[in-house]
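Peer 1: The structure file my_file.txt (compact mmCIF, C-alpha atoms (C1' of nucleotides)) is provided below.
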```txt
# COMPACT_ATOMS: atom_id res chain seq x y z
CA MET V 1 -4.28 -36.86 -19.32
CA ASP V 2 -3.98 -38.65 -16.04
CA LEU V 3 -0.46 -38.35 -14.65
CA LYS V 4 -0.81 -41.64 -12.80
CA PHE V 5 0.55 -40.01 -9.69
CA LYS V 6 1.51 -42.42 -6.94
CA VAL V 7 2.39 -41.60 -3.36
CA LEU V 8 5.16 -44.00 -2.43
CA LYS V 9 5.65 -42.95 1.15
CA LYS V 10 4.16 -40.50 3.61
CA SER V 11 5.86 -39.01 6.62
CA ASN V 12 4.42 -39.76 10.04
CA LYS V 13 5.63 -36.43 11.40
CA ASN V 14 4.38 -33.97 8.82
CA MET V 15 2.59 -33.78 5.49
CA ALA V 16 5.63 -34.59 3.35
CA ARG V 17 5.24 -37.32 0.78
CA LEU V 18 7.46 -39.15 -1.67
CA GLY V 19 5.87 -39.80 -5.03
CA GLU V 20 6.16 -40.21 -8.75
CA PHE V 21 4.12 -39.55 -11.85
CA THR V 22 4.46 -40.87 -15.35
CA THR V 23 4.39 -39.25 -18.77
CA LYS V 24 5.65 -40.46 -22.12
CA TRP V 25 9.04 -39.11 -21.05
CA GLY V 26 9.21 -41.59 -18.23
CA VAL V 27 8.88 -41.42 -14.48
CA SER V 28 9.23 -38.11 -12.68
CA LYS V 29 10.04 -38.25 -8.98
CA THR V 30 8.56 -35.90 -6.40
CA PRO V 31 9.25 -33.70 -4.55
CA MET V 32 10.85 -32.00 -7.53
CA PHE V 33 12.12 -28.64 -8.67
CA MET V 34 11.43 -27.29 -12.17
CA PRO V 35 13.72 -24.69 -13.72
CA VAL V 36 11.96 -21.95 -15.67
CA GLY V 37 12.40 -21.55 -19.41
CA THR V 38 10.10 -18.65 -20.15
CA GLN V 39 10.80 -18.23 -23.84
CA ALA V 40 11.23 -21.90 -24.68
CA THR V 41 14.72 -21.88 -23.22
CA VAL V 42 16.13 -21.96 -19.73
CA LYS V 43 18.16 -18.81 -20.19
CA THR V 44 21.77 -19.50 -21.22
CA LEU V 45 21.44 -23.32 -20.99
CA ASN V 46 21.03 -26.00 -23.63
CA PRO V 47 19.21 -29.32 -23.07
CA GLU V 48 22.43 -31.22 -22.41
CA GLU V 49 23.42 -28.80 -19.69
CA LEU V 50 19.96 -29.12 -18.15
CA LYS V 51 20.33 -32.88 -18.20
CA SER V 52 23.71 -32.67 -16.53
CA ALA V 53 22.07 -30.54 -13.81
CA HIS V 54 19.48 -33.30 -13.29
CA ALA V 55 16.58 -31.14 -14.46
CA ASN V 56 13.45 -33.10 -15.34
CA VAL V 57 10.34 -30.98 -15.89
CA VAL V 58 10.95 -27.58 -17.41
CA LEU V 59 8.42 -24.75 -17.23
CA SER V 60 7.70 -22.53 -20.20
CA ASN V 61 5.30 -19.68 -20.72
CA THR V 62 2.10 -19.24 -22.68
CA TYR V 63 2.12 -15.46 -22.73
CA HIS V 64 5.64 -15.17 -24.10
CA LEU V 65 5.30 -17.91 -26.71
CA TRP V 66 1.92 -16.54 -27.79
CA LEU V 67 3.59 -13.20 -28.59
CA ARG V 68 6.79 -14.71 -29.95
CA PRO V 69 7.08 -16.79 -32.07
CA GLY V 70 3.33 -17.54 -31.90
CA GLU V 71 1.68 -20.83 -30.92
CA ASP V 72 1.10 -21.89 -34.54
CA ILE V 73 4.80 -21.83 -35.31
CA VAL V 74 5.53 -23.95 -32.26
CA LYS V 75 2.75 -26.35 -33.24
CA ASP V 76 3.91 -26.62 -36.84
CA SER V 77 7.47 -27.33 -35.69
CA GLY V 78 6.14 -30.44 -33.99
CA GLY V 79 5.26 -29.00 -30.59
CA LEU V 80 7.29 -27.44 -27.82
CA HIS V 81 9.50 -30.49 -27.18
CA GLU V 82 10.53 -30.63 -30.82
CA PHE V 83 10.80 -26.86 -31.15
CA MET V 84 13.27 -26.51 -28.29
CA ASN V 85 14.62 -30.04 -28.62
CA TYR V 86 13.94 -30.82 -24.99
CA LYS V 87 13.74 -34.57 -24.50
CA ASN V 88 14.95 -34.94 -20.90
CA GLY V 89 11.48 -34.87 -19.40
CA PRO V 90 8.05 -33.26 -19.46
CA ILE V 91 7.31 -29.61 -20.14
CA LEU V 92 4.78 -27.56 -18.22
CA THR V 93 3.35 -24.29 -19.54
CA ASP V 94 2.11 -21.57 -17.25
CA SER V 95 -1.19 -20.04 -18.36
CA GLY V 96 0.07 -16.50 -18.77
CA GLY V 97 -1.97 -15.38 -15.80
CA PHE V 98 1.00 -14.20 -13.81
CA GLN V 99 2.44 -12.12 -16.66
CA VAL V 100 -0.88 -10.64 -17.65
CA PHE V 101 -1.62 -9.43 -14.14
CA SER V 102 1.69 -7.69 -13.89
CA LEU V 103 0.90 -5.86 -17.13
CA ALA V 104 -2.83 -5.19 -16.69
CA LYS V 105 -4.53 -2.48 -14.68
CA LYS V 106 -7.09 -3.55 -12.12
CA GLU V 107 -9.96 -2.06 -14.09
CA ASP V 108 -9.01 -4.10 -17.16
CA ILE V 109 -9.69 -7.40 -15.40
CA LYS V 110 -13.22 -8.35 -16.41
CA GLU V 111 -15.36 -11.45 -16.21
CA GLU V 112 -14.70 -12.24 -19.84
CA GLY V 113 -10.92 -11.97 -19.53
CA VAL V 114 -8.11 -9.45 -19.24
CA ARG V 115 -7.21 -6.57 -21.51
CA PHE V 116 -3.62 -5.35 -21.39
CA LYS V 117 -0.74 -4.11 -23.49
CA SER V 118 2.09 -6.15 -24.95
CA HIS V 119 5.38 -5.54 -23.16
CA ILE V 120 7.12 -5.81 -26.51
CA ASP V 121 5.40 -3.19 -28.63
CA GLY V 122 2.43 -1.92 -26.63
CA THR V 123 -0.14 -3.63 -28.84
CA GLU V 124 -3.46 -4.05 -27.05
CA LEU V 125 -4.12 -7.72 -26.26
CA PHE V 126 -6.88 -9.76 -24.70
CA LEU V 127 -6.45 -13.04 -22.90
CA SER V 128 -9.29 -15.20 -21.60
CA PRO V 129 -9.41 -18.65 -19.99
CA GLU V 130 -10.48 -20.18 -23.31
CA LYS V 131 -7.77 -18.40 -25.25
CA SER V 132 -5.07 -19.43 -22.78
CA ILE V 133 -6.07 -23.11 -22.96
CA GLU V 134 -6.35 -22.96 -26.74
CA ILE V 135 -2.80 -21.58 -26.99
CA GLN V 136 -1.50 -24.17 -24.54
CA ASN V 137 -3.19 -26.97 -26.49
CA LYS V 138 -1.24 -25.86 -29.53
CA LEU V 139 2.06 -25.42 -27.70
CA GLY V 140 1.74 -29.03 -26.65
CA ALA V 141 3.31 -29.17 -23.18
CA ASP V 142 2.61 -32.27 -21.08
CA ILE V 143 1.11 -30.27 -18.25
CA ILE V 144 -0.85 -27.07 -18.73
CA MET V 145 -2.31 -24.59 -16.26
CA SER V 146 -5.70 -22.99 -15.77
CA PHE V 147 -5.90 -19.27 -16.40
CA ASP V 148 -6.16 -17.65 -12.98
CA GLU V 149 -5.89 -14.26 -11.40
CA CYS V 150 -2.81 -13.77 -9.24
CA PRO V 151 -3.79 -10.85 -7.02
CA PRO V 152 -1.13 -8.65 -5.53
CA TYR V 153 -0.28 -8.68 -1.83
CA PRO V 154 -1.74 -7.24 0.23
CA ALA V 155 -5.31 -7.45 -1.05
CA THR V 156 -8.51 -6.95 0.92
CA TYR V 157 -10.72 -9.87 1.88
CA GLU V 158 -13.47 -8.54 -0.37
CA TYR V 159 -11.19 -8.20 -3.36
CA MET V 160 -9.72 -11.65 -2.78
CA GLU V 161 -13.15 -13.23 -2.37
CA ASN V 162 -14.36 -11.83 -5.69
CA SER V 163 -11.08 -12.83 -7.27
CA ILE V 164 -11.20 -16.50 -6.22
CA GLU V 165 -14.81 -16.79 -7.33
CA ARG V 166 -13.90 -15.43 -10.74
CA THR V 167 -10.84 -17.70 -10.92
CA LEU V 168 -13.15 -20.66 -10.20
CA ARG V 169 -15.47 -19.65 -13.05
CA TRP V 170 -12.44 -19.26 -15.29
CA ALA V 171 -11.24 -22.73 -14.27
CA ILE V 172 -14.56 -24.24 -15.35
CA ARG V 173 -14.47 -22.38 -18.67
CA GLY V 174 -10.90 -23.46 -19.33
CA LYS V 175 -11.56 -27.08 -18.53
CA LYS V 176 -14.56 -27.07 -20.87
CA VAL V 177 -12.48 -26.09 -23.91
CA HIS V 178 -9.43 -28.22 -23.06
CA ASN V 179 -9.36 -30.75 -25.89
CA ASN V 180 -5.80 -32.09 -26.07
CA LYS V 181 -6.05 -35.46 -24.37
CA GLU V 182 -2.27 -35.79 -24.25
CA GLN V 183 -2.06 -32.95 -21.79
CA ALA V 184 -2.74 -32.89 -18.06
CA LEU V 185 -4.61 -29.80 -16.86
CA PHE V 186 -4.00 -28.32 -13.40
CA GLY V 187 -6.32 -26.13 -11.37
CA ILE V 188 -5.00 -23.28 -9.23
CA VAL V 189 -5.87 -22.44 -5.63
CA GLN V 190 -5.81 -18.77 -4.71
CA GLY V 191 -7.08 -16.89 -1.67
CA GLY V 192 -4.10 -14.89 -0.49
CA GLU V 193 -3.44 -14.91 3.23
CA PHE V 194 -7.04 -15.73 4.19
CA GLU V 195 -7.59 -19.23 5.53
CA GLU V 196 -11.30 -19.23 4.75
CA LEU V 197 -10.68 -18.24 1.12
CA ARG V 198 -7.81 -20.67 0.58
CA LYS V 199 -10.05 -23.40 1.94
CA ARG V 200 -13.00 -22.47 -0.24
CA SER V 201 -10.79 -22.06 -3.30
CA ALA V 202 -9.21 -25.48 -2.72
CA ILE V 203 -12.47 -27.33 -2.12
CA GLU V 204 -14.24 -25.75 -5.07
CA THR V 205 -11.29 -26.24 -7.43
CA VAL V 206 -11.15 -29.92 -6.47
CA LYS V 207 -14.87 -30.23 -7.15
CA ILE V 208 -14.28 -29.10 -10.73
CA GLY V 209 -11.74 -31.89 -11.01
CA PHE V 210 -8.20 -31.53 -12.37
CA ASP V 211 -5.21 -33.76 -13.00
CA GLY V 212 -3.21 -31.87 -10.40
CA TYR V 213 -3.53 -28.81 -8.16
CA SER V 214 -1.42 -25.70 -7.85
CA ILE V 215 -1.12 -23.18 -5.11
CA GLY V 216 -0.74 -19.73 -6.58
CA GLY V 217 -0.29 -16.27 -5.19
CA ALA V 218 2.31 -17.32 -2.63
CA ALA V 219 5.65 -15.54 -2.38
CA VAL V 220 4.25 -12.29 -3.71
CA GLY V 221 5.67 -10.13 -0.94
CA GLU V 222 4.23 -11.62 2.23
CA THR V 223 6.40 -12.81 5.11
CA LYS V 224 7.66 -16.40 5.24
CA GLU V 225 5.30 -17.17 8.11
CA VAL V 226 2.31 -15.98 6.09
CA GLN V 227 3.52 -17.87 3.04
CA TYR V 228 3.84 -21.16 4.94
CA LYS V 229 0.37 -20.68 6.41
CA GLU V 230 -1.07 -20.08 2.96
CA VAL V 231 0.40 -23.37 1.78
CA GLU V 232 -1.01 -25.23 4.78
CA TYR V 233 -4.46 -23.72 4.32
CA ALA V 234 -4.50 -25.10 0.78
CA THR V 235 -2.83 -28.51 1.00
CA LYS V 236 -5.10 -29.49 3.87
CA TYR V 237 -8.00 -29.60 1.41
CA LEU V 238 -6.27 -31.10 -1.60
CA PRO V 239 -6.67 -34.79 -2.46
CA GLU V 240 -3.87 -37.17 -1.51
CA ASP V 241 -3.80 -38.84 -4.90
CA LYS V 242 -3.09 -35.75 -7.01
CA VAL V 243 0.12 -33.79 -7.52
CA ARG V 244 0.45 -30.49 -5.67
CA TYR V 245 2.45 -27.70 -7.20
CA LEU V 246 3.48 -24.55 -5.34
CA MET V 247 3.94 -21.94 -8.03
CA GLY V 248 6.92 -19.62 -8.13
CA VAL V 249 8.56 -20.76 -4.91
CA GLY V 250 12.20 -21.75 -5.09
CA ASP V 251 14.05 -20.41 -2.10
CA PRO V 252 15.81 -23.49 -0.66
CA ILE V 253 14.29 -23.03 2.79
CA ASP V 254 10.84 -22.41 1.32
CA ILE V 255 11.10 -25.67 -0.63
CA ILE V 256 11.83 -27.62 2.53
CA GLU V 257 8.98 -25.89 4.36
CA GLY V 258 6.67 -26.49 1.41
CA VAL V 259 7.46 -30.20 1.28
CA LYS V 260 6.73 -30.48 5.00
CA ARG V 261 3.32 -29.03 4.24
CA GLY V 262 2.56 -31.51 1.49
CA VAL V 263 3.84 -29.87 -1.70
CA ASP V 264 5.28 -32.05 -4.48
CA ILE V 265 6.46 -29.64 -7.16
CA PHE V 266 8.16 -26.24 -7.14
CA ASP V 267 9.34 -23.87 -9.83
CA CYS V 268 11.23 -20.63 -9.64
CA VAL V 269 13.14 -18.18 -11.79
CA ALA V 270 15.43 -17.36 -8.90
CA PRO V 271 18.24 -19.89 -9.43
CA THR V 272 18.78 -18.80 -13.02
CA ARG V 273 18.10 -15.12 -12.44
CA ILE V 274 20.45 -14.78 -9.47
CA ALA V 275 23.00 -16.74 -11.50
CA ARG V 276 22.87 -14.17 -14.28
CA HIS V 277 23.39 -11.51 -11.64
CA GLY V 278 26.42 -13.25 -10.20
CA ASN V 279 25.04 -15.22 -7.25
CA ALA V 280 25.42 -18.87 -6.35
CA HIS V 281 23.56 -21.01 -3.86
CA THR V 282 25.78 -22.99 -1.53
CA ARG V 283 24.92 -25.06 1.51
CA HIS V 284 26.49 -22.26 3.52
CA GLY V 285 24.26 -19.59 2.09
CA LYS V 286 24.03 -17.55 -1.05
CA ILE V 287 27.26 -15.96 -2.22
CA ASN V 288 27.90 -13.07 -4.61
CA LEU V 289 30.74 -14.09 -6.89
CA ARG V 290 31.33 -10.49 -7.90
CA ASN V 291 32.61 -9.74 -4.40
CA SER V 292 36.30 -8.92 -4.40
CA LYS V 293 37.01 -11.54 -1.74
CA TYR V 294 36.79 -14.21 -4.45
CA LYS V 295 39.49 -12.62 -6.60
CA ARG V 296 42.05 -15.19 -5.57
CA ASP V 297 39.75 -17.99 -4.44
CA PHE V 298 40.92 -20.98 -6.44
CA THR V 299 38.38 -23.42 -5.00
CA PRO V 300 35.08 -24.53 -6.57
CA LEU V 301 31.78 -22.80 -5.75
CA GLU V 302 31.08 -25.67 -3.44
CA ASP V 303 33.01 -28.71 -2.28
CA ASN V 304 31.47 -32.06 -3.17
CA CYS V 305 29.13 -30.57 -5.77
CA ASP V 306 28.98 -32.79 -8.85
CA CYS V 307 27.86 -30.05 -11.27
CA TYR V 308 29.84 -29.15 -14.37
CA ALA V 309 30.88 -25.77 -12.94
CA CYS V 310 32.18 -27.16 -9.67
CA SER V 311 33.89 -30.10 -11.36
CA ASN V 312 35.91 -27.88 -13.66
CA PHE V 313 36.24 -24.27 -12.53
CA THR V 314 37.24 -22.06 -9.61
CA LYS V 315 35.47 -19.14 -7.98
CA ALA V 316 38.28 -16.83 -9.11
CA TYR V 317 37.74 -17.85 -12.73
CA ILE V 318 33.95 -17.52 -12.55
CA ARG V 319 34.35 -14.12 -10.89
CA HIS V 320 36.66 -13.04 -13.69
CA LEU V 321 34.07 -14.16 -16.26
CA LEU V 322 31.30 -12.24 -14.51
CA ILE V 323 33.34 -9.06 -14.09
CA SER V 324 34.38 -9.29 -17.74
CA GLU V 325 30.76 -9.87 -18.73
CA GLU V 326 31.57 -13.13 -20.43
CA VAL V 327 28.40 -15.21 -20.81
CA LEU V 328 30.12 -18.40 -19.70
CA GLY V 329 30.04 -17.06 -16.14
CA GLN V 330 26.26 -16.84 -16.22
CA ARG V 331 25.99 -20.30 -17.70
CA LEU V 332 28.22 -21.90 -15.11
CA LEU V 333 26.32 -20.29 -12.25
CA SER V 334 22.99 -21.26 -13.81
CA ILE V 335 24.09 -24.88 -14.09
CA HIS V 336 25.31 -24.86 -10.50
CA ASN V 337 22.19 -23.23 -9.05
CA ILE V 338 19.86 -25.62 -10.83
CA ARG V 339 21.93 -28.57 -9.70
CA PHE V 340 21.92 -27.15 -6.18
CA LEU V 341 18.12 -27.31 -6.12
CA THR V 342 17.78 -30.66 -7.86
CA LYS V 343 20.26 -32.02 -5.32
CA LEU V 344 18.25 -30.44 -2.53
CA VAL V 345 15.08 -32.24 -3.63
CA GLU V 346 17.06 -35.48 -4.04
CA ASP V 347 18.18 -35.12 -0.43
CA ILE V 348 14.63 -34.28 0.59
CA ARG V 349 13.36 -37.45 -1.10
CA GLU V 350 15.92 -39.56 0.73
CA ASN V 351 14.97 -37.99 4.01
CA ILE V 352 11.28 -38.60 3.44
CA GLU V 353 12.15 -42.22 2.76
CA SER V 354 13.92 -42.44 6.11
CA ASP V 355 11.43 -40.08 7.77
CA THR V 356 14.20 -37.71 8.86
CA LEU V 357 13.05 -34.63 6.97
CA GLU V 358 12.60 -32.49 10.09
CA GLU V 359 16.19 -33.10 11.19
CA PHE V 360 17.52 -32.62 7.69
CA GLY V 361 15.58 -29.35 7.38
CA GLU V 362 16.92 -27.97 10.66
CA GLU V 363 20.50 -28.87 9.78
CA PHE V 364 20.18 -27.43 6.29
CA LYS V 365 18.66 -24.21 7.60
CA ARG V 366 21.34 -23.82 10.25
CA LYS V 367 24.12 -24.11 7.70
CA TYR V 368 22.41 -21.99 5.08
CA TYR V 369 21.65 -19.09 7.41
CA GLU V 370 24.25 -19.21 10.14
CA GLU V 371 27.44 -20.39 8.52
CA GLY V 372 26.75 -18.13 5.58
CA LYS V 373 26.96 -15.07 7.81
CA GLU V 374 30.73 -15.00 8.23
C1' G L 375 65.71 30.36 -24.27
C1' C L 376 60.84 33.13 -25.41
C1' G L 377 55.47 33.03 -25.82
C1' G L 378 50.58 30.47 -25.45
C1' U L 379 47.27 26.82 -23.32
C1' A L 380 46.23 23.41 -19.70
C1' U L 381 46.53 20.87 -14.61
C1' U L 382 39.47 18.67 -10.64
C1' G L 383 38.44 11.12 -7.66
C1' G L 384 40.82 4.90 -10.37
C1' U L 385 39.31 6.97 -15.55
C1' G L 386 36.64 10.60 -18.92
C1' A L 387 35.18 14.92 -17.40
C1' A L 388 31.16 19.35 -15.63
C1' G L 389 31.28 23.49 -12.49
C1' U L 390 31.14 27.89 -8.94
C1' G L 391 34.22 33.63 -5.11
C1' A L 392 30.61 31.27 0.02
C1' U L 393 24.84 25.47 2.17
C1' U L 394 26.39 18.23 0.83
C1' A L 395 32.18 19.49 -6.23
C1' A L 396 27.23 17.48 -11.51
C1' C L 397 27.27 13.34 -14.66
C1' A L 398 29.26 8.85 -16.80
C1' C L 399 32.43 4.62 -16.50
C1' G L 400 35.14 1.79 -13.03
C1' C L 401 35.36 -0.01 -8.20
C1' C L 402 32.76 -1.71 -3.49
C1' A L 403 28.28 -3.74 -1.64
C1' G L 404 22.99 -5.14 -1.68
C1' A L 405 18.40 -6.89 -4.03
C1' U L 406 16.18 -10.65 -7.07
C1' U L 407 10.36 -16.28 -5.56
C1' G L 408 4.21 -18.98 -11.85
C1' U L 409 11.50 -14.02 -15.65
C1' G L 410 9.78 -8.06 -20.67
C1' G L 411 14.51 -6.18 -19.45
C1' C L 412 23.08 -9.22 -18.33
C1' U L 413 18.07 -5.54 -14.37
C1' C L 414 17.34 -2.53 -10.13
C1' U L 415 19.15 0.06 -5.43
C1' G L 416 22.93 2.09 -2.54
C1' G L 417 28.18 3.58 -1.47
C1' U L 418 32.49 5.63 -3.52
C1' A L 419 37.13 13.32 -4.08
C1' U L 420 37.35 16.23 4.21
C1' G L 421 39.12 17.99 -1.67
C1' C L 422 39.97 20.63 -7.29
C1' G L 423 49.08 20.26 -9.52
C1' U L 424 52.67 22.67 -5.39
C1' G L 425 53.81 27.04 -2.43
C1' G L 426 52.46 31.91 -1.36
C1' G L 427 49.05 36.18 -1.70
C1' U L 428 44.17 39.14 -2.21
C1' U L 429 39.39 38.51 0.34
C1' U L 430 34.77 38.06 5.73
C1' G L 431 35.42 33.67 2.54
C1' A L 432 39.20 30.64 -3.02
C1' U L 433 38.92 24.75 -6.24
C1' U L 434 37.23 29.39 -8.60
C1' C L 435 41.08 36.01 -8.64
C1' C L 436 46.72 37.31 -8.49
C1' C L 437 52.10 35.73 -8.23
C1' A L 438 55.91 32.07 -8.31
C1' C L 439 57.22 27.11 -9.13
C1' A L 440 56.35 22.10 -11.23
C1' U L 441 54.44 19.14 -15.09
C1' A L 442 52.17 18.40 -20.06
C1' C L 443 51.07 19.91 -24.87
C1' C L 444 51.42 23.67 -28.96
C1' G L 445 54.06 27.52 -31.44
C1' C L 446 58.71 30.59 -32.30
C1' C L 447 64.08 31.24 -32.19
```
What would you get if you wrote out this structure as structure tokens?

Peer 2:
Amino acid sequence: MDLKFKVLKKSNKNMARLGEFTTKWGVSKTPMFMPVGTQATVKTLNPEELKSAHANVVLSNTYHLWLRPGEDIVKDSGGLHEFMNYKNGPILTDSGGFQVFSLAKKEDIKEEGVRFKSHIDGTELFLSPEKSIEIQNKLGADIIMSFDECPPYPATYEYMENSIERTLRWAIRGKKVHNNKEQALFGIVQGGEFEELRKRSAIETVKIGFDGYSIGGAAVGETKEVQYKEVEYATKYLPEDKVRYLMGVGDPIDIIEGVKRGVDIFDCVAPTRIARHGNAHTRHGKINLRNSKYKRDFTPLEDNCDCYACSNFTKAYIRHLLISEEVLGQRLLSIHNIRFLTKLVEDIRENIESDTLEEFGEEFKRKYYEEGKE
RNA sequence: GCGGUAUUGGUGAAGUGAUUAACACGCCAGAUUGUGGCUCUGGUAUGCGUGGGUUUGAUUCCCACAUACCGCC
């Protein structure tokens, strides 16, 4: 399915662009941030809470849903939107590549696919590009991903070269079996830290032809500088008229830097994971609500935040919930952190419109890093 | 009043005549980037009820005292 992506405005100073794409759920604005709902749920949150946090696209996961409850059950329920009753916007499913490669041994990655053991019960499993697309066709997300290899960092040039070539062959195989015309299929650019390989991977993936392009294998342990370079190496060779998605990146600063380099979509488990572990993003840096200094702090997580948590509760109360292991604490922080990032991309969109993204980025970074230090 | 047993950090506790007093919980911090895991990693008793004594050396042995519990008058 063509996403009918439109670039509405391009910066004169960098590669940032303001855009939108359309699905049956309506118009989605870019740059955007997608919260992650691995097992057909953004952990601790219901669809209404996601809506209140301004979430639009939600990401779910092929590997997990394949194992539990199984793609046929999701299909028979009416598809992923019906199954999880998510009607606020599109759903994207990851191919399972990332999970599989964290479970598989290097020697179990073969041309045909990957052999590995279930994290649930140790059952031996096999996932191939065809199988991944077949499962995703049944799950019924609006956007699905090619099955790629996400190599660890650091990897040698030779390993990475073989890996991107195999990922390209897998992309072709996946595209060939993709038969759900309601779904957009994205290709994935790999290549690690190597400019030549990122370039080749991008050009060749574009030749195959996809509805959008992802940059994978970033934020796997490399420095920020390397990560930003990797993004640049890829976006330079991606077509202007297709959506670009930087997989797994969700640090606020990294989002700003990614947008400046031409990225439209981001996803990350971080906002919800750090929330469950007691942390909140604020414009003045990340804070750990479990710290004793918040014991008697009767102010919201953040002034002028319109999220449900900040509108109704104090840091002292949220800290009490976390220390007492009450799940409401995790929910409130999850709502806040998602809203923090959806607000960040809203601000980014406004600043692309006025072509002031560089200034906005510097100011944001200064507050986030420096003021947070005290 | 007489006898017995016990006394180790915020808590529950292990332990030894002599390098850094185990472990758990709690507490205090940190991590977290296409989420198996409300997870992981650190820190947290300059002292073993108090006062004496024996000893090269005592939290560990002895004595007294204090406190607690259990018996008996």

Peer 1: To one decimal place, how far is atom CA of V:Glu302 from atom CA of V:Arg283 in Å?

Peer 2: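 According to the coordinates, atom CA of V:Glu302 and atom CA of V:Arg283 are separated by 7.9 Å.
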
Peer 1: Mind checking which residues fall within 6 Å of stretch 405-416 of chain L, counting all atoms listed in the file, ignoring those fewer than 5 positions away in the same chain, and posting them as a list in words?

Peer 2: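 Within the cut-off, the hits are His119, Ala219, Met247, Gly248, Val249, Gly250 and Val269 of chain V.
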
Peer 1: Rounded to one decimal place, report the atom CA of V:Pro271-atom CA of V:Asp254 distance in Å.

Peer 2: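 Those two atoms sit 13.3 Å apart.
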
Peer 1: Measure the distance from atom CA of V:Val226 to atom CA of V:Pro154 in Å and round it to one decimal.

Peer 2: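 If I compute the distance from atom CA of V:Val226 to atom CA of V:Pro154, I get 11.3 Å.
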
Peer 1: With all atoms listed in the file counted, which protein, DNA or RNA residues have an atom no more than 12 Å from (51.0, 30.5, -23.5) in the file frame? Please answer as a list in words.

Peer 2: C376, G377, G378, U379, A380, C443, C444, G445 and C446 of chain L

Peer 1: Just want the 7 Å neighbourhood of stretch 418-431 of chain L, counted on all atoms listed in the file, with same-chain residues fewer than 3 positions away dropped. Output as a PyMOL selection string.

Peer 2: chain L and resi 381-383+392+440

Peer 1: Find the smallest box with edges along x, y and z containing every listed atom of stretch 133-139 of chain V, then add 8 Å on each side and report centre and edge lengths in Å to one decimal, as lines of an AutoDock Vina configuration file.

Peer 2:
```
center_x = -2.1
center_y = -24.3
center_z = -26.2
size_x = 24.4
size_y = 21.4
size_z = 22.6
```

Peer 1: Give me the residues within 8 Å of V:Tyr228 as a list of chain:residue names, counting only C-alpha atoms (C1' of nucleotides) and dropping any in the same chain fewer than 3 places off.

Peer 2: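 Result of the neighbour search: V:Lys224, V:Glu225, V:Val231, V:Glu232, V:Asp254, V:Glu257, V:Gly258, V:Arg261.
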
Peer 1: Counting all atoms listed in the file, find residues at most 8 Å from (-18.6, -16.0, -15.0) (file frame) and give them as number ranges by chain.

Peer 2: V: 111-112, 166, 169-170

Peer 1: For a quick check of understanding, using all atoms listed in the file, which of V:Arg366, V:Pro31, V:His281, V:Leu125 has the smallest distance to V:Ala16?

Peer 2: V:Pro31

Peer 1: Can you tell me which residues surround V:Met32 at a distance of at most 10 Å, considering all atoms listed in the file, apart from same-chain residues fewer than 4 positions away, and format the answer as number ranges by chain?

Peer 2: V: 18-20, 28, 55-57, 245, 255, 259, 263-267, 341-346, 348-349

Peer 1: My list of candidates is V:Ser132, V:Asn88, V:His284, V:Ser102. Which is closest to V:Lys51 when distances are computed with only C-alpha atoms?

Peer 2: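 Looking only at the distances to V:Lys51, the closest residue turns out to be V:Asn88.
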
Peer 1: For a quick check of understanding, using only C-alpha atoms, which of V:Leu50, V:Asp148, V:Asn14, V:Asn137 has the smallest distance to V:Val114?

Peer 2: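 Looking only at the distances to V:Val114, the closest residue turns out to be V:Asp148.
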
Peer 1: May I have the residues within 12 Å of V:Arg173 as number ranges by chain, using only C-alpha atoms (C1' of nucleotides) and disregarding those fewer than 6 positions away in the same chain?

Peer 2: V: 111-113, 128-134, 146-148, 166-167, 187, 208

Peer 1: What does the file look like for those residues with C-alpha atoms, as an mmCIF file, keeping the file's coordinate frame?

Peer 2:
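Full text of part_5.cif as output:
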```cif
data_model
loop_
_atom_site.group_PDB
_atom_site.id
_atom_site.type_symbol
_atom_site.label_atom_id
_atom_site.label_comp_id
_atom_site.auth_asym_id
_atom_site.auth_seq_id
_atom_site.Cartn_x
_atom_site.Cartn_y
_atom_site.Cartn_z
ATOM 1 C CA GLU V 111 -15.360 -11.450 -16.210
ATOM 2 C CA GLU V 112 -14.700 -12.240 -19.840
ATOM 3 C CA GLY V 113 -10.920 -11.970 -19.530
ATOM 4 C CA SER V 128 -9.290 -15.200 -21.600
ATOM 5 C CA PRO V 129 -9.410 -18.650 -19.990
ATOM 6 C CA GLU V 130 -10.480 -20.180 -23.310
ATOM 7 C CA LYS V 131 -7.770 -18.400 -25.250
ATOM 8 C CA SER V 132 -5.070 -19.430 -22.780
ATOM 9 C CA ILE V 133 -6.070 -23.110 -22.960
ATOM 10 C CA GLU V 134 -6.350 -22.960 -26.740
ATOM 11 C CA SER V 146 -5.700 -22.990 -15.770
ATOM 12 C CA PHE V 147 -5.900 -19.270 -16.400
ATOM 13 C CA ASP V 148 -6.160 -17.650 -12.980
ATOM 14 C CA ARG V 166 -13.900 -15.430 -10.740
ATOM 15 C CA THR V 167 -10.840 -17.700 -10.920
ATOM 16 C CA GLY V 187 -6.320 -26.130 -11.370
ATOM 17 C CA ILE V 208 -14.280 -29.100 -10.730
#
```
